[in-house]
Amino acid sequence: MTCGETFEAYALRAIGIGERLLPQTDFTLCQQFVLIGSGMVWNLYFAVLALSFGFFLAAAVAVARTSHNPLIRKPAEWFVFLFRGSPLFIQFFFAYYLFVLLPREGIDINLGFVEITADTRWLTRAWAGALIVLVLNTAAYSAEIFYGALNSVPKGDVEAADAYGISGWTRFRRIVWPTALRLAWPAYTNEAIFLFHATTLVFFSGFPTRGQQGDALYYANYFADKTFNPFVPYPILAGYFILGTLAIIWGFGRINRHLNRHLPQAVRQPIRFRPNYIR
Amino acid sequence: MFEFCTDPTALPDWQWMACYLTTGKHMAFYNAFGTVLLLLAITAPAALALGLAGATAARGRLWPVRAIGRVYISIVRGVPDIAFFLFFVIALDQGFEWLRHQALCPDWDQPIRQGSDFLVCPEAKLPLTTAPEAVHQAYGFFLAVISYAIVFGAFTANVLYGAMNTVPRAQMETAEAYGMTPRQAFWRVMFPQMWVYALPGLSNVWMILIKATPLLFLLGVSDIVYWARELGGAKVAQFSDYPHPDWRAWYFLFLLVFYLAFTAVSERIFARLTRRLSRGQATVAGEALRKGAA
């Protein structure tokens with residue numbers, strides 16, 4: 001099998017397109033590169049969707065945490081505590097077994113005039129169940145970041161808005177939130193990197209792979225188990241993840257420049273890669 | 001455990017539960033919490049030592065030393081930690097076996113890597129195939145501890161590196177002016193002061209470390225996750241004295257609560273520690289404490 005043929009057979013193996021059987025013997029370097037790369041599809045899928053849904057949920061939770069009404073503030077605080085205080089790994093397990101417990105046939109919802117059957121089986125699949133957990137998890141961590149940023153919005157900005165007669169929703173949308181986002185962005189970049197790395201946990205935590213369609217770490221682990229040689233697949237995986245991390249830093253850096261475009265050059269905060277200050 | 005446990009089928013609910021929760025396997029489950037605490041107790045100081053070494057290396061004057069320190073700090077953080085755990089456990093095992101192979105069997109002429117196999121001479125196997133099960137378990141745990149220490153050493157090194165750079169430069173210059181050697185200045189001025197700057201980062205690393213302990217399960221150690229899956233699975237009356245449906249969700253809920261309590265307690269302890277260390281420091285928190293006392 002040439003490398004081109006391998007690419008054709010396995011490039012989309014992680015989503016079930018191409019050769020059905022994984023390579024069993026005589027593993028080539030090319031196979032490892034292609035298969036682990038194809039697994040990255042899942043890591044990207046989880047990271048991109050979880051970040052895009054999680055961002056809006058996090059914004060809502062962060063605003064709820066600043067509320068003076070305890071009925072709104074307390075649930076937000078508990079949500080953040082629950083997801084930041086426990087390991088993501090355990091959250092995956094718990095969510096998976098909870099979804100398994102839901103009735104196989106679906107839940108009957110009686111609306112009085114019509115009865116709907118909610119199908120719950122898809123929740124036990126990784127693409128949905130794990131995504132829900134990741135969205136909630138990143139929302140909790142990001143909400144903490146945004147909450148801190150909302151509290152550090154300069155007092156003068158808000159007072160100036162008041163003086164101009166901007167208040168309520170308009171003040172939040174035009175003054176408070178853009179400033180908070182600008183302040184939170186470097187920390188949020190690190191959260192994005194961490195979430196990207198956390199996507200490797202999905203297929204090792206309860207959620208089963210179907211037809212050996214797993215993520216990059218799943219295939220790297222497969223090769224390491226088969227060849228009993230960890231020195232090839234894991235560095236390949238590391239290379240892919242370093243590339244992904246650099247891409248995130250680049251992309252979020254562009255957005256950071258955009259958010260800071262009105263500031264004088266010297267005041268702009270560059271993004272520094274310091275993930276461990278968040279989690 | 002209790003004397004009324006001889007025939008569980010005929011027991012009322014609460015006695016059944018009491019018997020169920022004290023079976024031998026449940027005792028192993030509770031002991032596994034001890035394994036987690038043991039891992040934390042060994043890993044935390046080891047990671048701190050490695051972190052100190054890494055941070056000092058990254059500040060070293062010789063460029064090869066500096067390069068090693070910087071690469072160590074940055075590589076581990078660019079790649080998912082779980083990949084490192086899976087990698088180190090096999091790599092360390094093979095590394096140890098290879099070293100023993102070189103030492104114990106110098107006249108072994110076959111290659112070690114044969115296709116998909118890693119073959120060392122029987123005397124170099126770790127642990128020896130004749131060793132009891134407990135030794136195998138302990139060896140697995142030992143490998144896990146080293147992997148954790150290496151990964152979290154890098155996290156700690158990053159925090160300490162930052163903290164060392166935050167200690168006011170003027171204080172180091174003063175130390176130099178008093179004629180202290182760099183070594184003396186480090187141990188007498190920088191080392192005692194860097195902790196208050198490092199504490200927020202260190203508490204964060206500790207939280208990550210707590211939350212990384214369930215990954216022990218992936219390294220083949222029978223930890224709490226292993227037992228929760230084992231005990232929670234549905235049991236039928238034929239094979240078990242205590243038949244029950246699938247309870248894994250409840251077992252994991254219990255683990256979730258355990259970790260929540262653990263992190264909440266840790267957070268409080270760190271808050272007190274920060275207060276204690278801020279005393280007399282040239283920081284805002286230290287100033288606030290001084291004003292509060294006066």
# chains A, B, ... in the order shown; residues from 1 in each chain; ligands from 1
$ interface_residues --of "chain A" --to "chain B" --cutoff "7 Å" --atoms "only C-alpha atoms" --output "JSON, numbers by chain"
{"A": [82, 85, 86, 87, 89, 90, 93, 94, 97, 98, 197, 198, 217, 226, 227, 228, 230, 234, 238, 241, 242, 245, 276, 277, 279]}
$ select_by_dssp --residues "region 37-257 of chain B" --states "alpha helix (DSSP H)" --output "compact mmCIF listing (two decimals) with N, CA and C atoms, in the first residue's frame"
# COMPACT_ATOMS: atom_id res chain seq x y z
N LEU B 37 -5.47 9.31 47.82
CA LEU B 37 -4.80 10.22 48.75
C LEU B 37 -3.30 9.95 48.78
N LEU B 38 -2.93 8.66 48.71
CA LEU B 38 -1.51 8.30 48.69
C LEU B 38 -0.84 8.90 47.47
N LEU B 39 -1.52 8.77 46.32
CA LEU B 39 -0.96 9.35 45.09
C LEU B 39 -0.71 10.83 45.25
N LEU B 40 -1.72 11.53 45.83
CA LEU B 40 -1.57 12.97 46.03
C LEU B 40 -0.42 13.26 46.99
N ALA B 41 -0.34 12.45 48.06
CA ALA B 41 0.67 12.70 49.09
C ALA B 41 2.08 12.51 48.54
N ILE B 42 2.25 11.56 47.62
CA ILE B 42 3.59 11.36 47.06
C ILE B 42 3.86 12.34 45.92
N THR B 43 2.84 12.53 45.07
CA THR B 43 3.06 13.32 43.86
C THR B 43 3.31 14.79 44.17
N ALA B 44 2.56 15.34 45.14
CA ALA B 44 2.66 16.79 45.38
C ALA B 44 4.09 17.21 45.74
N PRO B 45 4.74 16.56 46.74
CA PRO B 45 6.13 16.97 47.01
C PRO B 45 7.07 16.67 45.85
N ALA B 46 6.86 15.53 45.17
CA ALA B 46 7.74 15.18 44.05
C ALA B 46 7.61 16.22 42.94
N ALA B 47 6.37 16.64 42.65
CA ALA B 47 6.16 17.64 41.60
C ALA B 47 6.75 18.98 42.01
N LEU B 48 6.65 19.28 43.31
CA LEU B 48 7.22 20.53 43.80
C LEU B 48 8.74 20.53 43.62
N ALA B 49 9.36 19.38 43.95
CA ALA B 49 10.82 19.28 43.80
C ALA B 49 11.21 19.40 42.33
N LEU B 50 10.49 18.66 41.46
CA LEU B 50 10.79 18.73 40.03
C LEU B 50 10.55 20.14 39.50
N GLY B 51 9.48 20.78 40.01
CA GLY B 51 9.16 22.13 39.56
C GLY B 51 10.25 23.11 39.94
N LEU B 52 10.76 22.96 41.18
CA LEU B 52 11.84 23.83 41.63
C LEU B 52 13.07 23.63 40.75
N ALA B 53 13.38 22.35 40.46
CA ALA B 53 14.52 22.05 39.60
C ALA B 53 14.31 22.65 38.21
N GLY B 54 13.08 22.47 37.67
CA GLY B 54 12.80 22.98 36.32
C GLY B 54 12.90 24.49 36.27
N ALA B 55 12.34 25.16 37.30
CA ALA B 55 12.34 26.63 37.31
C ALA B 55 13.76 27.16 37.44
N THR B 56 14.56 26.51 38.31
CA THR B 56 15.95 26.97 38.47
C THR B 56 16.72 26.73 37.17
N ALA B 57 16.44 25.58 36.52
CA ALA B 57 17.11 25.30 35.25
C ALA B 57 16.75 26.36 34.21
N ALA B 58 15.47 26.74 34.17
CA ALA B 58 15.02 27.71 33.17
C ALA B 58 15.64 29.08 33.41
N TRP B 63 23.45 28.10 28.71
CA TRP B 63 22.29 28.01 27.82
C TRP B 63 21.75 26.59 27.65
N PRO B 64 22.58 25.51 27.68
CA PRO B 64 21.96 24.19 27.54
C PRO B 64 21.01 23.89 28.71
N VAL B 65 21.43 24.27 29.92
CA VAL B 65 20.58 24.07 31.10
C VAL B 65 19.29 24.85 30.93
N ARG B 66 19.42 26.10 30.49
CA ARG B 66 18.25 26.97 30.32
C ARG B 66 17.31 26.36 29.29
N ALA B 67 17.89 25.86 28.19
CA ALA B 67 17.06 25.29 27.12
C ALA B 67 16.29 24.08 27.64
N ILE B 68 16.99 23.21 28.40
CA ILE B 68 16.31 22.02 28.93
C ILE B 68 15.13 22.44 29.81
N GLY B 69 15.38 23.41 30.70
CA GLY B 69 14.31 23.88 31.59
C GLY B 69 13.13 24.43 30.82
N ARG B 70 13.42 25.27 29.82
CA ARG B 70 12.33 25.91 29.07
C ARG B 70 11.54 24.89 28.26
N VAL B 71 12.27 23.95 27.62
CA VAL B 71 11.57 22.93 26.81
C VAL B 71 10.69 22.07 27.71
N TYR B 72 11.22 21.69 28.87
CA TYR B 72 10.45 20.88 29.82
C TYR B 72 9.17 21.60 30.21
N ILE B 73 9.27 22.90 30.49
CA ILE B 73 8.08 23.64 30.92
C ILE B 73 7.06 23.73 29.79
N SER B 74 7.54 24.03 28.58
CA SER B 74 6.56 24.36 27.52
C SER B 74 5.98 23.12 26.83
N ILE B 75 6.79 22.05 26.67
CA ILE B 75 6.27 20.89 25.93
C ILE B 75 5.08 20.28 26.65
N VAL B 76 5.23 20.07 27.96
CA VAL B 76 4.18 19.37 28.68
C VAL B 76 2.87 20.14 28.62
N ARG B 77 2.97 21.48 28.50
CA ARG B 77 1.73 22.24 28.50
C ARG B 77 1.11 22.40 27.12
N GLY B 78 1.85 22.05 26.06
CA GLY B 78 1.28 22.19 24.72
C GLY B 78 0.51 20.96 24.28
N ASP B 81 -2.47 16.39 28.82
CA ASP B 81 -1.75 15.64 29.86
C ASP B 81 -2.04 14.14 29.79
N ILE B 82 -3.25 13.79 29.38
CA ILE B 82 -3.61 12.37 29.33
C ILE B 82 -2.73 11.63 28.33
N ALA B 83 -2.34 12.32 27.23
CA ALA B 83 -1.44 11.69 26.26
C ALA B 83 -0.10 11.40 26.92
N PHE B 84 0.35 12.33 27.78
CA PHE B 84 1.61 12.12 28.48
C PHE B 84 1.53 10.95 29.44
N PHE B 85 0.40 10.84 30.15
CA PHE B 85 0.25 9.74 31.09
C PHE B 85 0.34 8.41 30.34
N LEU B 86 -0.44 8.30 29.26
CA LEU B 86 -0.45 7.04 28.51
C LEU B 86 0.95 6.75 27.96
N PHE B 87 1.65 7.81 27.54
CA PHE B 87 2.98 7.63 26.95
C PHE B 87 3.99 7.20 28.00
N PHE B 88 4.05 7.95 29.12
CA PHE B 88 5.09 7.71 30.10
C PHE B 88 5.01 6.32 30.71
N VAL B 89 3.78 5.83 30.92
CA VAL B 89 3.66 4.54 31.60
C VAL B 89 4.33 3.44 30.77
N ILE B 90 4.12 3.43 29.46
CA ILE B 90 4.79 2.41 28.65
C ILE B 90 6.27 2.76 28.49
N ALA B 91 6.54 4.03 28.23
CA ALA B 91 7.92 4.41 27.95
C ALA B 91 8.83 4.16 29.15
N LEU B 92 8.34 4.51 30.35
CA LEU B 92 9.15 4.29 31.55
C LEU B 92 9.37 2.81 31.78
N ASP B 93 8.30 2.04 31.62
CA ASP B 93 8.40 0.59 31.82
C ASP B 93 9.45 0.01 30.89
N GLN B 94 9.38 0.38 29.60
CA GLN B 94 10.34 -0.15 28.63
C GLN B 94 11.74 0.37 28.92
N GLY B 95 11.83 1.62 29.37
CA GLY B 95 13.13 2.18 29.69
C GLY B 95 13.80 1.42 30.83
N PHE B 96 13.03 1.18 31.90
CA PHE B 96 13.58 0.43 33.03
C PHE B 96 14.00 -0.97 32.61
N GLU B 97 13.13 -1.65 31.83
CA GLU B 97 13.45 -3.02 31.43
C GLU B 97 14.68 -3.03 30.54
N TRP B 98 14.81 -2.02 29.68
CA TRP B 98 15.97 -1.97 28.78
C TRP B 98 17.25 -1.79 29.58
N LEU B 99 17.21 -0.89 30.58
CA LEU B 99 18.40 -0.66 31.40
C LEU B 99 18.79 -1.93 32.15
N ARG B 100 17.81 -2.61 32.72
CA ARG B 100 18.10 -3.86 33.44
C ARG B 100 18.62 -4.92 32.48
N HIS B 101 18.06 -4.89 31.26
CA HIS B 101 18.50 -5.85 30.26
C HIS B 101 19.98 -5.65 29.94
N GLN B 102 20.36 -4.38 29.76
CA GLN B 102 21.76 -4.08 29.47
C GLN B 102 22.66 -4.52 30.61
N ALA B 103 22.20 -4.36 31.83
CA ALA B 103 23.03 -4.66 32.99
C ALA B 103 23.06 -6.15 33.30
N LEU B 104 21.91 -6.82 33.17
CA LEU B 104 21.82 -8.19 33.65
C LEU B 104 22.16 -9.23 32.59
N GLU B 133 1.03 -10.90 42.91
CA GLU B 133 0.14 -9.91 42.30
C GLU B 133 0.34 -8.52 42.90
N ALA B 134 0.56 -8.49 44.23
CA ALA B 134 0.69 -7.20 44.91
C ALA B 134 1.86 -6.40 44.36
N VAL B 135 2.96 -7.10 43.99
CA VAL B 135 4.13 -6.39 43.45
C VAL B 135 3.78 -5.75 42.12
N HIS B 136 3.02 -6.50 41.29
CA HIS B 136 2.59 -5.94 40.00
C HIS B 136 1.77 -4.68 40.20
N GLN B 137 0.84 -4.75 41.17
CA GLN B 137 0.01 -3.58 41.47
C GLN B 137 0.86 -2.40 41.92
N ALA B 138 1.81 -2.69 42.83
CA ALA B 138 2.65 -1.62 43.38
C ALA B 138 3.51 -1.00 42.28
N TYR B 139 4.01 -1.86 41.37
CA TYR B 139 4.85 -1.36 40.28
C TYR B 139 4.03 -0.44 39.36
N GLY B 140 2.79 -0.86 39.06
CA GLY B 140 1.92 -0.02 38.23
C GLY B 140 1.68 1.33 38.88
N PHE B 141 1.45 1.31 40.20
CA PHE B 141 1.21 2.54 40.93
C PHE B 141 2.46 3.43 40.91
N PHE B 142 3.63 2.79 41.07
CA PHE B 142 4.90 3.50 41.06
C PHE B 142 5.10 4.23 39.73
N LEU B 143 4.82 3.53 38.61
CA LEU B 143 4.95 4.16 37.29
C LEU B 143 4.00 5.34 37.18
N ALA B 144 2.78 5.16 37.70
CA ALA B 144 1.80 6.25 37.63
C ALA B 144 2.29 7.46 38.41
N VAL B 145 2.88 7.22 39.58
CA VAL B 145 3.36 8.34 40.39
C VAL B 145 4.43 9.11 39.64
N ILE B 146 5.37 8.38 39.00
CA ILE B 146 6.43 9.08 38.25
C ILE B 146 5.83 9.91 37.12
N SER B 147 4.86 9.32 36.39
CA SER B 147 4.25 10.06 35.28
C SER B 147 3.59 11.34 35.79
N TYR B 148 2.83 11.22 36.87
CA TYR B 148 2.17 12.40 37.44
C TYR B 148 3.20 13.44 37.85
N ALA B 149 4.28 12.96 38.51
CA ALA B 149 5.28 13.91 39.00
C ALA B 149 5.91 14.66 37.85
N ILE B 150 6.20 13.96 36.73
CA ILE B 150 6.84 14.63 35.59
C ILE B 150 5.90 15.69 35.01
N VAL B 151 4.63 15.31 34.78
CA VAL B 151 3.70 16.25 34.16
C VAL B 151 3.42 17.43 35.07
N PHE B 152 3.13 17.15 36.36
CA PHE B 152 2.78 18.25 37.24
C PHE B 152 4.01 19.02 37.69
N GLY B 153 5.20 18.38 37.59
CA GLY B 153 6.43 19.13 37.83
C GLY B 153 6.55 20.26 36.83
N ALA B 154 6.15 20.02 35.58
CA ALA B 154 6.23 21.07 34.56
C ALA B 154 5.28 22.20 34.88
N PHE B 155 4.05 21.87 35.31
CA PHE B 155 3.09 22.91 35.69
C PHE B 155 3.66 23.75 36.83
N THR B 156 4.22 23.04 37.85
CA THR B 156 4.76 23.73 39.01
C THR B 156 5.95 24.59 38.61
N ALA B 157 6.80 24.05 37.73
CA ALA B 157 7.98 24.79 37.29
C ALA B 157 7.56 26.11 36.67
N ASN B 158 6.49 26.07 35.87
CA ASN B 158 6.02 27.28 35.22
C ASN B 158 5.58 28.33 36.25
N VAL B 159 4.85 27.85 37.28
CA VAL B 159 4.38 28.77 38.32
C VAL B 159 5.56 29.37 39.08
N LEU B 160 6.50 28.49 39.49
CA LEU B 160 7.63 28.98 40.29
C LEU B 160 8.52 29.90 39.47
N TYR B 161 8.67 29.60 38.17
CA TYR B 161 9.47 30.45 37.29
C TYR B 161 8.89 31.86 37.27
N GLY B 162 7.55 31.91 37.14
CA GLY B 162 6.89 33.21 37.15
C GLY B 162 7.07 33.91 38.49
N ALA B 163 6.95 33.13 39.58
CA ALA B 163 7.03 33.72 40.92
C ALA B 163 8.43 34.28 41.19
N MET B 164 9.46 33.54 40.74
CA MET B 164 10.83 34.00 40.96
C MET B 164 11.06 35.33 40.25
N ASN B 165 10.44 35.48 39.07
CA ASN B 165 10.62 36.73 38.34
C ASN B 165 9.83 37.87 38.94
N THR B 166 8.84 37.53 39.80
CA THR B 166 7.99 38.58 40.37
C THR B 166 8.57 39.17 41.65
N ARG B 169 12.82 43.17 41.96
CA ARG B 169 14.20 43.16 41.49
C ARG B 169 15.12 43.92 42.47
N ALA B 170 14.54 45.01 43.04
CA ALA B 170 15.35 45.86 43.94
C ALA B 170 15.86 45.06 45.13
N GLN B 171 15.06 44.09 45.59
CA GLN B 171 15.49 43.30 46.76
C GLN B 171 16.71 42.46 46.42
N MET B 172 16.71 41.90 45.21
CA MET B 172 17.87 41.11 44.79
C MET B 172 19.09 42.00 44.66
N GLU B 173 18.87 43.21 44.14
CA GLU B 173 19.99 44.14 43.99
C GLU B 173 20.54 44.55 45.35
N THR B 174 19.63 44.74 46.31
CA THR B 174 20.07 45.06 47.67
C THR B 174 20.93 43.93 48.22
N ALA B 175 20.48 42.69 47.99
CA ALA B 175 21.24 41.53 48.47
C ALA B 175 22.63 41.54 47.87
N GLU B 176 22.71 41.86 46.57
CA GLU B 176 24.01 41.93 45.92
C GLU B 176 24.87 43.03 46.54
N ALA B 177 24.22 44.16 46.83
CA ALA B 177 24.95 45.29 47.40
C ALA B 177 25.53 44.94 48.76
N PRO B 182 25.38 34.96 44.57
CA PRO B 182 24.08 34.63 43.97
C PRO B 182 23.36 33.52 44.72
N ARG B 183 24.13 32.53 45.19
CA ARG B 183 23.52 31.42 45.91
C ARG B 183 22.87 31.89 47.22
N GLN B 184 23.62 32.71 47.95
CA GLN B 184 23.08 33.24 49.21
C GLN B 184 21.85 34.09 48.94
N ALA B 185 21.93 34.95 47.90
CA ALA B 185 20.81 35.82 47.59
C ALA B 185 19.58 35.00 47.24
N PHE B 191 14.06 32.86 47.75
CA PHE B 191 13.35 31.64 48.11
C PHE B 191 12.27 31.86 49.16
N PRO B 192 12.56 32.57 50.27
CA PRO B 192 11.49 32.74 51.27
C PRO B 192 10.34 33.61 50.76
N GLN B 193 10.62 34.50 49.80
CA GLN B 193 9.59 35.45 49.39
C GLN B 193 8.75 34.98 48.22
N MET B 194 9.29 34.04 47.44
CA MET B 194 8.59 33.72 46.19
C MET B 194 7.27 32.99 46.44
N TRP B 195 7.13 32.37 47.62
CA TRP B 195 5.96 31.52 47.83
C TRP B 195 4.66 32.29 47.80
N VAL B 196 4.67 33.52 48.32
CA VAL B 196 3.42 34.26 48.35
C VAL B 196 2.99 34.63 46.93
N TYR B 197 3.98 34.85 46.05
CA TYR B 197 3.63 35.12 44.66
C TYR B 197 3.21 33.84 43.94
N ALA B 198 3.80 32.72 44.37
CA ALA B 198 3.52 31.46 43.69
C ALA B 198 2.21 30.83 44.15
N LEU B 199 1.72 31.26 45.33
CA LEU B 199 0.61 30.54 45.93
C LEU B 199 -0.66 30.44 45.07
N PRO B 200 -1.13 31.53 44.43
CA PRO B 200 -2.32 31.38 43.59
C PRO B 200 -2.10 30.33 42.50
N GLY B 201 -0.94 30.37 41.87
CA GLY B 201 -0.64 29.38 40.83
C GLY B 201 -0.53 27.98 41.39
N LEU B 202 0.14 27.86 42.55
CA LEU B 202 0.30 26.53 43.15
C LEU B 202 -1.03 25.94 43.56
N SER B 203 -1.91 26.79 44.11
CA SER B 203 -3.21 26.26 44.51
C SER B 203 -3.97 25.79 43.29
N ASN B 204 -3.78 26.50 42.18
CA ASN B 204 -4.41 26.07 40.93
C ASN B 204 -3.88 24.73 40.47
N VAL B 205 -2.54 24.56 40.55
CA VAL B 205 -1.95 23.29 40.14
C VAL B 205 -2.45 22.15 41.03
N TRP B 206 -2.57 22.45 42.33
CA TRP B 206 -3.09 21.44 43.26
C TRP B 206 -4.51 21.03 42.87
N MET B 207 -5.33 22.02 42.48
CA MET B 207 -6.71 21.71 42.05
C MET B 207 -6.68 20.84 40.79
N ILE B 208 -5.80 21.19 39.85
CA ILE B 208 -5.71 20.37 38.63
C ILE B 208 -5.26 18.97 38.99
N LEU B 209 -4.32 18.88 39.94
CA LEU B 209 -3.80 17.57 40.34
C LEU B 209 -4.92 16.73 40.96
N ILE B 210 -5.72 17.33 41.84
CA ILE B 210 -6.84 16.58 42.43
C ILE B 210 -7.75 16.08 41.31
N LYS B 211 -8.03 16.98 40.36
CA LYS B 211 -8.98 16.62 39.32
C LYS B 211 -8.37 15.69 38.29
N ALA B 212 -7.06 15.48 38.34
CA ALA B 212 -6.43 14.53 37.40
C ALA B 212 -6.33 13.14 38.00
N ILE B 224 -10.63 4.33 42.29
CA ILE B 224 -12.04 4.48 42.61
C ILE B 224 -12.92 4.38 41.36
N VAL B 225 -12.42 4.88 40.22
CA VAL B 225 -13.23 4.79 39.00
C VAL B 225 -13.42 3.33 38.61
N TYR B 226 -12.34 2.56 38.71
CA TYR B 226 -12.41 1.13 38.39
C TYR B 226 -13.47 0.44 39.25
N TRP B 227 -13.41 0.71 40.56
CA TRP B 227 -14.34 0.03 41.47
C TRP B 227 -15.76 0.52 41.28
N ALA B 228 -15.93 1.82 40.98
CA ALA B 228 -17.29 2.33 40.77
C ALA B 228 -17.93 1.65 39.58
N ARG B 229 -17.17 1.43 38.51
CA ARG B 229 -17.70 0.74 37.34
C ARG B 229 -18.01 -0.71 37.67
N GLU B 230 -17.06 -1.31 38.42
CA GLU B 230 -17.18 -2.72 38.75
C GLU B 230 -18.40 -2.99 39.64
N LEU B 231 -18.53 -2.17 40.69
CA LEU B 231 -19.59 -2.41 41.68
C LEU B 231 -20.94 -1.95 41.18
N GLY B 232 -20.95 -0.89 40.36
CA GLY B 232 -22.21 -0.31 39.96
C GLY B 232 -22.94 -1.10 38.89
N ARG B 248 -24.48 2.37 38.25
CA ARG B 248 -23.22 3.08 38.03
C ARG B 248 -23.39 4.59 38.13
N ALA B 249 -24.55 5.09 37.67
CA ALA B 249 -24.76 6.54 37.73
C ALA B 249 -24.66 7.02 39.18
N TRP B 250 -25.20 6.23 40.14
CA TRP B 250 -25.19 6.67 41.55
C TRP B 250 -23.79 6.59 42.11
N TYR B 251 -23.04 5.55 41.71
CA TYR B 251 -21.66 5.46 42.18
C TYR B 251 -20.86 6.66 41.70
N PHE B 252 -21.07 7.05 40.44
CA PHE B 252 -20.31 8.19 39.94
C PHE B 252 -20.80 9.50 40.54
N LEU B 253 -22.09 9.54 40.89
CA LEU B 253 -22.58 10.72 41.60
C LEU B 253 -21.84 10.85 42.93
N PHE B 254 -21.63 9.70 43.59
CA PHE B 254 -20.90 9.69 44.86
C PHE B 254 -19.48 10.22 44.64
N LEU B 255 -18.80 9.76 43.58
CA LEU B 255 -17.44 10.24 43.30
C LEU B 255 -17.45 11.74 43.04
N LEU B 256 -18.48 12.20 42.30
CA LEU B 256 -18.60 13.62 41.99
C LEU B 256 -18.67 14.43 43.28
N VAL B 257 -19.50 13.96 44.22
CA VAL B 257 -19.65 14.66 45.49
C VAL B 257 -18.34 14.63 46.27
$ atom_distance --atom1 "CA of Gly214 (chain A)" --atom2 "CA of Ala95 (chain A)"
18.9 Å
$ closest_residue --among "A:Thr138, A:Thr179, A:Thr66, A:Thr28" --to "Lys155 (chain A)" --atoms "only C-alpha atoms"
A:Thr179
$ residues_around --residues "Val232 (chain A)" --least-positions-apart "6" --cutoff "9 Å" --atoms "only C-alpha atoms" --output "list in words"
Leu29, Gln32, Ala220, Phe223 and Ala224 of chain A
$ residues_around --residues "Leu21 (chain A)" --least-positions-apart "2" --cutoff "12 Å" --atoms "only C-alpha atoms" --output "MDAnalysis selection string"
chainID A and resid 9:10 13:14 16:19 23:25 35 211:213
$ select_by_dssp --residues "region 46-170 of chain B" --states "strand (DSSP E or B)" --output "ChimeraX atom specification"
/B:113-114,117-118
$ write_last_selection --atoms "N, CA and C atoms" --output "JSON list (two decimals), in the first residue's frame"
[["chain", "number", "residue", "atom", "x", "y", "z"],
["B", 113, "ARG", "N", 13.49, -5.23, 20.03],
["B", 113, "ARG", "CA", 12.25, -5.02, 19.31],
["B", 113, "ARG", "C", 12.16, -6.00, 18.16],
["B", 114, "GLN", "N", 11.23, -6.96, 18.27],
["B", 114, "GLN", "CA", 11.02, -7.92, 17.18],
["B", 114, "GLN", "C", 9.61, -7.68, 16.66],
["B", 117, "ASP", "N", 6.87, -6.83, 19.14],
["B", 117, "ASP", "CA", 7.14, -7.25, 20.50],
["B", 117, "ASP", "C", 8.33, -6.52, 21.08],
["B", 118, "PHE", "N", 8.30, -6.39, 22.38],
["B", 118, "PHE", "CA", 9.40, -5.81, 23.12],
["B", 118, "PHE", "C", 9.92, -6.91, 24.02]]
$ residues_around --residues "Trp78 (chain A)" --least-positions-apart "3" --cutoff "12 Å" --atoms "only C-alpha atoms" --output "count of residues only"
18
$ atom_distance --atom1 "CA of Thr274 (chain B)" --atom2 "CA of Lys291 (chain B)"
16.7 Å
